[in-house]
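A quick write-up on the structure given underneath.
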Amino acid sequence: MTQAELERIYEAMAKAIDAVGPDQSEVFLARLALALAEDLDQPERALEVIGESTAALTG
Amino acid sequence: MRPKGRGELDSLYFDYPHFDPPTRPGGEPQMPVVVVGAGPVGMVAALTLAQHGVRSLLLDAKATFNDGSRAICISRSSYHILDQLGIAAPFLEKSLGWTKGRSFYRGRQILEFDMPDSADEKFRPMYNLQQQYIEAFLWKAVEAAPLIETRWQSRVTGLEQRAEGAVLTVEDPNGSYALPARWVIAADGARSALRGLCGLRLKGENYEGRYVIADVKMAHDYPTIRRALFDPTCRPGGTVLIHRQPDGIWRIDYQLREDETNEEATREENVRASVEGVLAEIGHDGGYDLEWWSVYSANTLLLDDYRQGRVFFAGDSAHIVPIFGVRGLNNGIADGHNIGWKLAAVLNGDAGEGLLDSYTPERRGATLDVFANASKSTRFMTPPTHGWRVMRDAALSLALSRESAGHLANPRQMTPHTYADSPATTPDDPGFDAGPIPGAMIRDVALGDGHLSERLGKGLTLLTFGDPDFDVPPGLSVLRLPADGPVARAYGAAEGSAYLVRPDLHIAARWRSVTAGNLARALGRLAISEEETA
Ligand SMILES: Cc1cc2nc3c(=O)[nH]c(=O)nc-3n(C[C@H](O)[C@H](O)[C@H](O)COP(=O)(O)OP(=O)(O)OC[C@H]3O[C@@H](n4cnc5c(N)ncnc54)[C@H](O)[C@@H]3O)c2cc1C
């Protein structure tokens, strides 16, 4: 993915989080991650990324 | 502002000059150009006019330079302008060039970025230099220029537009007088009086983010690398920027929380406490002296049209841009140079007044470009809503393990604006597959002991590759280059190719295979006909 493409996704997500509002943003992000994981179709990789993200925020 | 007991101009390292009011002549003949405001932009405009042989009168309401160090980052493109004016030497000697930035998230370095640089570039991407020095070096050149008369302590209070020029009302300690001018350059800053006299207003947005900018003097050992601290211990949730300046001065910018009022934040004891927090964070345990501070907010405001009758707006009078793009001053310097060479071409009879119509689209376009980039930086530095903050924090956290996410924190590149849509720019020749496109600034190339940029003329220059098979109009400087050399390679040129370069180093037109007719049409777009260059 190019830097510009990554940036477009970053912007779209920021706007989406604001659009769904703080009460629903957690559900929105979980739903998004689940849908992307299914599209990725590599369950082991998805579990690795879950581990990576958990470690970054708890370590 | 300065610490208690020190005056506005009581600097730890800079002596402000004092300028007396002018001794005026009995009558005031019409000046070709009056430049209002001897800030950096007004001085660049007057120097550009003088370089092209045009006389100007420079007015400023104050008796000295701007107080405080204000803008400190000067870009490569501004150095090219200073070089064109033949005055880059003192700037190069005093300033600190840099190429690198480092970003930290909660104390850990997440990114180190390098701005594009190579031996082909004569100048580094960025230089740090306090604005007083910028003004002092420009002033040295202005003072030495016989074609520029400067009047300090002279405030413009009135404007009357006429068909053949404008008449300004000027007040100095000896009274008030009328000053006729064919053209006026309004470089009178953010609170421009001329803008008000023309009935114009800046339009745009005010952003939420506010920063205190503080300069301290300290013995601190760190190279000239821009440091950005996101969510540091000393300012949870906020952002801090640190820049090194000459004379052992360090610029510390820190973001204010929503509940911190400007008034509270700028009280000396609060500034000291905040500065000390930052110094502790970066491991500086020596002492420091507080030099100057101020508060700055991120606005994107500009005029709809940079021209009103006989008056052209340049610099902060025409636009206020956010601090993060470090474009405030650089953008203004390009304005002053752009209107300077164009007015000179018209006054010298080299071009028709049509050339002046390209000023607003080119320079207003550049400001809109700055806004687009700066809004992105601002959204990252100072997230405006919950959504932007969540994404920003996610990107910063991700950057600890993934480089790609760190680049989201990369401040936008400071490439100069491309005047592709300007009426003065000839549409591109589709035959090229490399090189700077029409409207872009030239790309410098190492050539012999020096650089391509130094070989260009002061006016328009035709770069030809190989030998053109027609007579080049005499008003143009011609730089003949081999069709198989380093420039030809960088410019995608072959035998018979040519580039037409403007005095501001932007490309006006280019051809894979140039003809006399093509060249004449490109000159026509610049309102220059062959008879006029002859
Ligand atoms: C406190 C402060 C901090 C800043 N910090 C930064 C920073 O960190 N980074 C950055 O990039 N930029 C910063 N800027 C902005 C930067 O200083 C400006 O972009 C730059 O000075 C613009 O230059 P200028 O010549 O257009 O205007 P100015 O430098 O404002 O010059 C305008 C001149 O016009 C004169 N004048 C005004 N009215 C009249 C009149 N009626 N008659 C005659 N003369 C008049 C004034 O005396 C002044 O000398 C800061 C500005 C301020 C005020």
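Please note that chains go A, B, ... in the order of the structure tokens, that every chain numbers its residues from 1, and that ligands are numbered from 1 in the order shown.
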Write out as a PyMOL selection string all residues of chain A that backbone DSSP assigns to alpha helix (DSSP H).
chain A and resi 3-20+25-40+43-58
Write out as a list in words which residues come within 6 Å of Ala508 (chain B) when counting only C-alpha atoms, dropping same-chain ones fewer than 4 positions away.
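What passes the distance filter is Thr425, Pro438, Gly439, Leu500 and Val501 of chain B.
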For chain B against chain A, which residues fall within 8 Å using only C-alpha atoms, given as a PyMOL selection string?
chain B and resi 385-391+397-398+400+404+407-408
Can you write out the residues you just picked, keeping N, CA and C atoms, as an mmCIF file, in the first residue's frame?
data_model
loop_
_atom_site.group_PDB
_atom_site.id
_atom_site.type_symbol
_atom_site.label_atom_id
_atom_site.label_comp_id
_atom_site.auth_asym_id
_atom_site.auth_seq_id
_atom_site.Cartn_x
_atom_site.Cartn_y
_atom_site.Cartn_z
ATOM 1 N N THR B 385 -10.920 16.599 16.762
ATOM 2 C CA THR B 385 -12.073 15.891 17.328
ATOM 3 C C THR B 385 -11.610 14.559 17.909
ATOM 4 N N HIS B 386 -12.552 13.876 18.558
ATOM 5 C CA HIS B 386 -12.293 12.566 19.150
ATOM 6 C C HIS B 386 -11.764 11.586 18.091
ATOM 7 N N GLY B 387 -12.414 11.573 16.926
ATOM 8 C CA GLY B 387 -12.025 10.628 15.875
ATOM 9 C C GLY B 387 -10.585 10.836 15.413
ATOM 10 N N TRP B 388 -10.222 12.084 15.190
ATOM 11 C CA TRP B 388 -8.851 12.379 14.748
ATOM 12 C C TRP B 388 -7.851 12.042 15.844
ATOM 13 N N ARG B 389 -8.271 12.243 17.103
ATOM 14 C CA ARG B 389 -7.345 11.943 18.200
ATOM 15 C C ARG B 389 -7.118 10.434 18.329
ATOM 16 N N VAL B 390 -8.217 9.667 18.233
ATOM 17 C CA VAL B 390 -8.086 8.212 18.332
ATOM 18 C C VAL B 390 -7.153 7.700 17.231
ATOM 19 N N MET B 391 -7.348 8.191 16.016
ATOM 20 C CA MET B 391 -6.527 7.721 14.894
ATOM 21 C C MET B 391 -5.079 8.163 15.045
ATOM 22 N N SER B 397 1.088 4.893 18.215
ATOM 23 C CA SER B 397 1.359 3.657 18.933
ATOM 24 C C SER B 397 1.826 2.561 17.964
ATOM 25 N N LEU B 398 1.197 2.517 16.804
ATOM 26 C CA LEU B 398 1.558 1.531 15.783
ATOM 27 C C LEU B 398 2.978 1.776 15.264
ATOM 28 N N LEU B 400 5.523 2.434 16.782
ATOM 29 C CA LEU B 400 6.574 1.807 17.583
ATOM 30 C C LEU B 400 7.016 0.497 16.951
ATOM 31 N N SER B 404 5.744 2.266 8.509
ATOM 32 C CA SER B 404 4.784 2.946 7.632
ATOM 33 C C SER B 404 3.879 3.870 8.437
ATOM 34 N N HIS B 407 5.299 7.268 9.282
ATOM 35 C CA HIS B 407 5.304 8.295 8.237
ATOM 36 C C HIS B 407 4.039 9.130 8.244
ATOM 37 N N LEU B 408 3.001 8.632 8.883
ATOM 38 C CA LEU B 408 1.809 9.469 9.046
ATOM 39 C C LEU B 408 2.130 10.677 9.920
#
Surrounding residues as a compact mmCIF listing (two decimals) with N, CA and C atoms, in the first residue's frame, ligand 1, max 7 Å, only C-alpha atoms and all ligand atoms:
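Saved the output as part.txt:
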# COMPACT_ATOMS: atom_id res chain seq x y z
N VAL B 36 4.90 49.26 1.30
CA VAL B 36 4.49 49.58 2.66
C VAL B 36 4.82 48.40 3.57
N GLY B 37 5.72 48.64 4.53
CA GLY B 37 6.13 47.58 5.45
C GLY B 37 7.54 47.12 5.14
N ALA B 38 8.47 47.38 6.09
CA ALA B 38 9.85 46.93 5.92
C ALA B 38 10.10 45.68 6.74
N GLY B 39 9.11 44.79 6.80
CA GLY B 39 9.33 43.44 7.34
C GLY B 39 10.09 42.65 6.29
N PRO B 40 10.30 41.38 6.52
CA PRO B 40 11.07 40.59 5.57
C PRO B 40 10.47 40.60 4.15
N VAL B 41 9.15 40.56 4.06
CA VAL B 41 8.52 40.48 2.74
C VAL B 41 8.69 41.78 1.97
N GLY B 42 8.46 42.92 2.63
CA GLY B 42 8.63 44.22 1.97
C GLY B 42 10.06 44.42 1.52
N LEU B 59 8.41 52.08 3.23
CA LEU B 59 7.92 52.78 4.43
C LEU B 59 7.71 51.80 5.56
N ASP B 60 8.07 52.19 6.77
CA ASP B 60 7.68 51.37 7.92
C ASP B 60 7.31 52.24 9.10
N ALA B 61 6.25 51.82 9.79
CA ALA B 61 5.74 52.60 10.91
C ALA B 61 6.67 52.56 12.13
N LYS B 62 7.45 51.49 12.26
CA LYS B 62 8.27 51.32 13.46
C LYS B 62 9.63 52.02 13.31
N PHE B 65 13.47 46.77 13.93
CA PHE B 65 12.96 45.51 13.38
C PHE B 65 11.82 44.98 14.23
N ASN B 66 11.19 43.89 13.76
CA ASN B 66 10.17 43.20 14.55
C ASN B 66 10.79 42.69 15.84
N ARG B 70 10.27 35.09 16.36
CA ARG B 70 9.20 34.74 15.41
C ARG B 70 9.53 33.57 14.48
N ALA B 71 9.54 33.84 13.15
CA ALA B 71 9.79 32.76 12.20
C ALA B 71 11.27 32.38 12.24
N ILE B 72 11.55 31.08 12.37
CA ILE B 72 12.96 30.69 12.46
C ILE B 72 13.38 29.70 11.37
N CYS B 73 12.45 29.14 10.59
CA CYS B 73 12.83 28.13 9.61
C CYS B 73 12.76 28.71 8.20
N SER B 154 7.26 55.93 9.63
CA SER B 154 6.36 56.51 8.63
C SER B 154 5.19 55.57 8.42
N ARG B 155 4.02 55.97 8.90
CA ARG B 155 2.85 55.10 8.90
C ARG B 155 1.86 55.52 7.81
N VAL B 156 1.41 54.57 7.03
CA VAL B 156 0.39 54.85 6.01
C VAL B 156 -0.97 54.86 6.70
N THR B 157 -1.72 55.93 6.49
CA THR B 157 -3.04 56.04 7.13
C THR B 157 -4.15 56.27 6.11
N ALA B 187 2.94 45.26 2.08
CA ALA B 187 3.61 44.20 2.86
C ALA B 187 3.56 44.63 4.32
N ASP B 188 2.36 45.07 4.74
CA ASP B 188 2.26 45.67 6.08
C ASP B 188 1.71 44.70 7.11
N GLY B 189 1.89 43.41 6.87
CA GLY B 189 1.73 42.43 7.94
C GLY B 189 0.29 42.01 8.25
N ALA B 190 0.18 41.17 9.29
CA ALA B 190 -1.09 40.52 9.61
C ALA B 190 -2.21 41.52 9.91
N ARG B 191 -1.86 42.66 10.49
CA ARG B 191 -2.90 43.65 10.80
C ARG B 191 -2.91 44.77 9.76
N SER B 192 -2.60 44.42 8.54
CA SER B 192 -2.47 45.36 7.42
C SER B 192 -3.47 46.52 7.42
N ALA B 193 -2.92 47.75 7.45
CA ALA B 193 -3.77 48.93 7.35
C ALA B 193 -4.33 49.06 5.93
N LEU B 194 -3.51 48.70 4.93
CA LEU B 194 -3.97 48.84 3.55
C LEU B 194 -5.14 47.91 3.24
N ILE B 213 5.19 29.71 22.03
CA ILE B 213 6.52 29.55 21.47
C ILE B 213 7.47 30.31 22.38
N SER B 294 5.77 33.95 23.19
CA SER B 294 4.58 34.51 22.57
C SER B 294 3.58 33.36 22.40
N VAL B 295 2.36 33.66 22.06
CA VAL B 295 1.37 32.61 21.84
C VAL B 295 0.92 32.67 20.38
N TYR B 296 0.66 31.52 19.80
CA TYR B 296 0.43 31.44 18.36
C TYR B 296 -0.71 30.45 18.14
N ALA B 314 1.13 41.28 -0.23
CA ALA B 314 2.18 40.26 -0.18
C ALA B 314 2.49 39.94 1.28
N GLY B 315 2.75 38.67 1.57
CA GLY B 315 3.11 38.27 2.93
C GLY B 315 1.88 38.18 3.82
N ASP B 316 2.10 38.44 5.12
CA ASP B 316 1.03 38.27 6.12
C ASP B 316 -0.18 39.16 5.86
N SER B 317 -0.04 40.23 5.10
CA SER B 317 -1.21 41.08 4.81
C SER B 317 -2.20 40.31 3.94
N ILE B 323 1.51 27.51 11.80
CA ILE B 323 2.93 27.51 12.11
C ILE B 323 3.63 26.24 11.64
N VAL B 326 5.91 25.62 8.60
CA VAL B 326 6.95 26.64 8.52
C VAL B 326 6.89 27.41 7.21
N ARG B 327 5.67 27.76 6.82
CA ARG B 327 5.51 28.43 5.54
C ARG B 327 5.21 29.92 5.68
N GLY B 328 4.94 30.39 6.89
CA GLY B 328 4.50 31.78 7.05
C GLY B 328 5.43 32.72 6.32
N LEU B 329 6.66 32.68 6.73
CA LEU B 329 7.63 33.60 6.17
C LEU B 329 8.07 33.16 4.77
N GLY B 332 5.67 34.15 2.22
CA GLY B 332 5.69 35.60 2.02
C GLY B 332 6.89 36.06 1.20
Name all residues at most 12 Å from Ala509 (chain B) (count only C-alpha atoms; drop same-chain ones fewer than 3 positions away) and give them as a short mmCIF file (atom, residue, chain, number, x, y, z; two decimals) with C-alpha atoms, in the first residue's frame.
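Output file out03.cif is given in full below:
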data_model
loop_
_atom_site.label_atom_id
_atom_site.label_comp_id
_atom_site.auth_asym_id
_atom_site.auth_seq_id
_atom_site.Cartn_x
_atom_site.Cartn_y
_atom_site.Cartn_z
CA TYR B 419 2.23 27.11 -10.97
CA ALA B 420 0.80 24.58 -13.43
CA SER B 422 -1.09 29.91 -14.01
CA PRO B 423 -2.05 31.90 -17.11
CA ALA B 424 1.71 32.59 -17.52
CA THR B 425 2.61 28.89 -17.72
CA THR B 426 2.62 27.04 -21.05
CA PRO B 427 0.99 23.58 -20.91
CA ASP B 428 3.48 20.73 -20.85
CA ASP B 429 4.96 19.06 -23.90
CA PRO B 430 3.83 15.42 -23.59
CA PHE B 432 8.99 14.51 -21.77
CA GLY B 435 12.44 16.72 -15.43
CA PRO B 436 10.54 19.53 -13.71
CA ILE B 437 7.15 20.25 -15.31
CA PRO B 438 6.09 23.75 -16.43
CA GLY B 439 5.13 25.78 -13.37
CA ALA B 440 7.47 23.84 -11.05
CA MET B 441 10.65 25.26 -9.60
CA ILE B 442 13.81 24.09 -11.38
CA LEU B 460 14.29 35.01 -18.21
CA THR B 461 16.72 32.27 -19.15
CA LEU B 462 16.44 29.80 -22.01
CA LEU B 463 18.19 26.52 -21.25
CA SER B 497 15.18 20.51 -26.29
CA ALA B 498 14.75 23.72 -24.28
CA TYR B 499 13.41 24.99 -20.95
CA LEU B 500 12.29 28.59 -20.39
CA VAL B 501 13.11 29.59 -16.78
CA ARG B 502 11.65 32.64 -15.03
CA LEU B 505 13.42 29.82 -11.05
CA HIS B 506 10.00 28.44 -11.98
CA ARG B 512 11.42 18.40 -26.48
CA SER B 513 12.17 20.18 -29.73
CA VAL B 514 12.01 23.96 -29.48
CA ASN B 518 6.81 27.90 -29.74
CA LEU B 519 9.12 30.18 -27.83
CA ALA B 520 7.30 33.30 -29.04
CA ARG B 521 3.96 31.85 -27.89
CA ALA B 522 5.37 31.04 -24.43
CA LEU B 523 6.71 34.60 -24.16
CA GLY B 524 3.26 35.82 -25.19
CA ARG B 525 1.76 34.06 -22.16
CA LEU B 526 4.16 36.09 -20.03
#
List every residue of region 221-434 of chain B that DSSP, applied to the backbone of this structure, assigns to strand (DSSP E), and report them as a PyMOL selection string.
chain B and resi 226-230+239-245+249-255+289-302+307-308+311-313+319-320
Filtering to C-alpha atoms, could you give me those residues as a PDB file, in the first residue's frame?
ATOM      1  CA  ARG B 226      13.763  19.003  14.654  1.00  0.00           C
ATOM      2  CA  ARG B 227      12.291  17.092  17.593  1.00  0.00           C
ATOM      3  CA  ALA B 228       8.545  16.498  17.955  1.00  0.00           C
ATOM      4  CA  LEU B 229       7.360  15.045  21.266  1.00  0.00           C
ATOM      5  CA  PHE B 230       3.864  13.551  21.149  1.00  0.00           C
ATOM      6  CA  THR B 239       2.642  18.104  21.473  1.00  0.00           C
ATOM      7  CA  VAL B 240       6.030  19.804  21.895  1.00  0.00           C
ATOM      8  CA  LEU B 241       8.476  20.905  19.183  1.00  0.00           C
ATOM      9  CA  ILE B 242      12.141  21.720  19.747  1.00  0.00           C
ATOM     10  CA  HIS B 243      14.449  23.520  17.293  1.00  0.00           C
ATOM     11  CA  ARG B 244      18.032  24.626  17.639  1.00  0.00           C
ATOM     12  CA  GLN B 245      18.902  28.187  16.577  1.00  0.00           C
ATOM     13  CA  ILE B 249      19.156  29.678  21.504  1.00  0.00           C
ATOM     14  CA  TRP B 250      16.536  26.907  21.482  1.00  0.00           C
ATOM     15  CA  ARG B 251      12.933  27.251  20.321  1.00  0.00           C
ATOM     16  CA  ILE B 252      10.406  25.316  22.356  1.00  0.00           C
ATOM     17  CA  ASP B 253       6.812  25.211  21.099  1.00  0.00           C
ATOM     18  CA  TYR B 254       4.257  23.569  23.359  1.00  0.00           C
ATOM     19  CA  GLN B 255       0.595  23.017  22.846  1.00  0.00           C
ATOM     20  CA  ASP B 289      17.855  31.809  30.423  1.00  0.00           C
ATOM     21  CA  LEU B 290      14.436  32.751  29.171  1.00  0.00           C
ATOM     22  CA  GLU B 291      14.768  35.015  26.112  1.00  0.00           C
ATOM     23  CA  TRP B 292      11.286  35.634  24.627  1.00  0.00           C
ATOM     24  CA  TRP B 293       7.869  34.020  24.301  1.00  0.00           C
ATOM     25  CA  SER B 294       4.578  34.507  22.569  1.00  0.00           C
ATOM     26  CA  VAL B 295       1.367  32.608  21.843  1.00  0.00           C
ATOM     27  CA  TYR B 296       0.429  31.438  18.363  1.00  0.00           C
ATOM     28  CA  SER B 297      -2.690  29.782  16.976  1.00  0.00           C
ATOM     29  CA  ALA B 298      -3.182  27.825  13.797  1.00  0.00           C
ATOM     30  CA  ASN B 299      -5.223  29.890  11.358  1.00  0.00           C
ATOM     31  CA  THR B 300      -5.774  29.493   7.650  1.00  0.00           C
ATOM     32  CA  LEU B 301      -6.904  32.889   6.412  1.00  0.00           C
ATOM     33  CA  LEU B 302      -6.383  34.623   3.074  1.00  0.00           C
ATOM     34  CA  ARG B 307      -4.697  42.737  -6.005  1.00  0.00           C
ATOM     35  CA  GLN B 308      -6.965  45.720  -5.491  1.00  0.00           C
ATOM     36  CA  VAL B 311      -2.264  47.727  -4.711  1.00  0.00           C
ATOM     37  CA  PHE B 312      -0.729  44.245  -4.469  1.00  0.00           C
ATOM     38  CA  PHE B 313      -0.831  42.377  -1.149  1.00  0.00           C
ATOM     39  CA  HIS B 319      -2.510  35.337   4.256  1.00  0.00           C
ATOM     40  CA  ILE B 320      -2.092  33.894   7.733  1.00  0.00           C
TER      41      ILE B 320
END
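Nearest to Gly27 (chain B) of all the residues B:Leu179, B:Ala186, B:Leu200, B:Ala488 is B:Leu179, based on only C-alpha atoms.
Here CA of His18 (chain B) and CA of Val167 (chain B) stand 28.0 Å from one another.
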All residues 9 Å or closer to region 43-56 of chain B, only C-alpha atoms, same chain fewer than 5 positions away omitted, as a compact mmCIF listing (two decimals) with C-alpha atoms, in the first residue's frame:
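Resulting contents of out34.txt:
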# COMPACT_ATOMS: atom_id res chain seq x y z
CA MET B 31 7.30 56.95 -7.22
CA PRO B 32 7.23 53.95 -9.56
CA VAL B 33 6.60 51.69 -6.54
CA VAL B 34 5.95 52.33 -2.86
CA VAL B 35 6.41 49.30 -0.61
CA GLY B 37 6.13 47.58 5.45
CA ALA B 38 9.85 46.93 5.92
CA ILE B 81 15.50 33.60 -3.92
CA LEU B 82 18.14 35.16 -1.64
CA GLN B 84 19.13 35.20 -7.01
CA LEU B 85 19.26 38.54 -5.17
CA GLU B 135 15.61 41.22 8.86
CA LEU B 138 18.00 41.99 4.38
CA TRP B 139 18.31 45.49 5.83
CA ALA B 141 21.31 44.90 1.50
CA VAL B 142 18.45 47.43 1.40
CA ALA B 145 20.93 49.62 -2.57
CA PRO B 146 20.97 53.07 -4.23
CA LEU B 147 17.57 52.40 -5.83
CA ILE B 148 15.78 51.96 -2.49
CA GLU B 149 14.88 54.88 -0.23
CA THR B 150 13.65 53.85 3.22
CA ILE B 185 3.02 46.72 -2.57
CA ALA B 187 3.61 44.20 2.86
CA ALA B 314 2.18 40.26 -0.18
CA ILE B 333 9.24 35.80 0.66
CA ALA B 334 8.03 34.07 -2.51
CA ASP B 335 5.17 36.61 -2.76
CA GLY B 336 7.55 39.56 -2.51
CA HIS B 337 9.88 38.14 -5.12
CA ASN B 338 7.05 37.18 -7.49
CA ILE B 339 5.38 40.61 -7.53
CA GLY B 340 8.82 42.29 -7.53
CA TRP B 341 10.11 40.82 -10.78
CA LYS B 342 6.72 41.12 -12.48
CA LEU B 343 6.25 44.81 -11.62
CA ALA B 344 9.85 45.46 -12.69
CA ALA B 345 9.23 43.78 -16.07
CA LEU B 347 7.80 49.21 -15.45
CA ASN B 348 10.87 48.51 -17.59
CA LYS B 458 18.63 37.60 -13.61
CA GLY B 459 15.73 37.80 -16.06
Spatial neighbours of Ala37 (chain A), max dist 9 Å, only C-alpha atoms, sep filter under 6 positions, as an mmCIF file with N, CA, C and O atoms, in the first residue's frame:
data_model
loop_
_atom_site.group_PDB
_atom_site.id
_atom_site.type_symbol
_atom_site.label_atom_id
_atom_site.label_comp_id
_atom_site.auth_asym_id
_atom_site.auth_seq_id
_atom_site.Cartn_x
_atom_site.Cartn_y
_atom_site.Cartn_z
ATOM 1 N N PRO A 43 -6.209 -16.435 9.019
ATOM 2 C CA PRO A 43 -6.527 -16.380 10.451
ATOM 3 C C PRO A 43 -5.289 -16.266 11.342
ATOM 4 O O PRO A 43 -5.298 -15.512 12.319
ATOM 5 N N ARG A 45 -2.403 -14.892 10.698
ATOM 6 C CA ARG A 45 -1.879 -13.517 10.601
ATOM 7 C C ARG A 45 -2.746 -12.564 11.431
ATOM 8 O O ARG A 45 -2.247 -11.697 12.138
ATOM 9 N N ALA A 46 -4.049 -12.712 11.332
ATOM 10 C CA ALA A 46 -4.961 -11.841 12.081
ATOM 11 C C ALA A 46 -4.717 -11.992 13.583
ATOM 12 O O ALA A 46 -4.680 -11.001 14.327
#
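We find CA of Pro236 (chain B) and CA of Glu205 (chain B) to be spaced 26.4 Å apart.
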Residues at most 6 Å from Val445 (chain B), counting only C-alpha atoms, excluding those fewer than 3 positions away in the same chain, as an MDAnalysis selection string?
chainID B and resid 120 451:452
Store the residues of this selection in a file with C-alpha atoms, as an mmCIF file, in the first residue's frame.
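To be explicit, this is the file written out as out_18.cif:
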data_model
loop_
_atom_site.group_PDB
_atom_site.id
_atom_site.type_symbol
_atom_site.label_atom_id
_atom_site.label_comp_id
_atom_site.auth_asym_id
_atom_site.auth_seq_id
_atom_site.Cartn_x
_atom_site.Cartn_y
_atom_site.Cartn_z
ATOM 1 C CA ASP B 120 22.862 18.151 -6.721
ATOM 2 C CA HIS B 451 25.287 24.357 -9.572
ATOM 3 C CA LEU B 452 22.889 24.933 -12.437
#
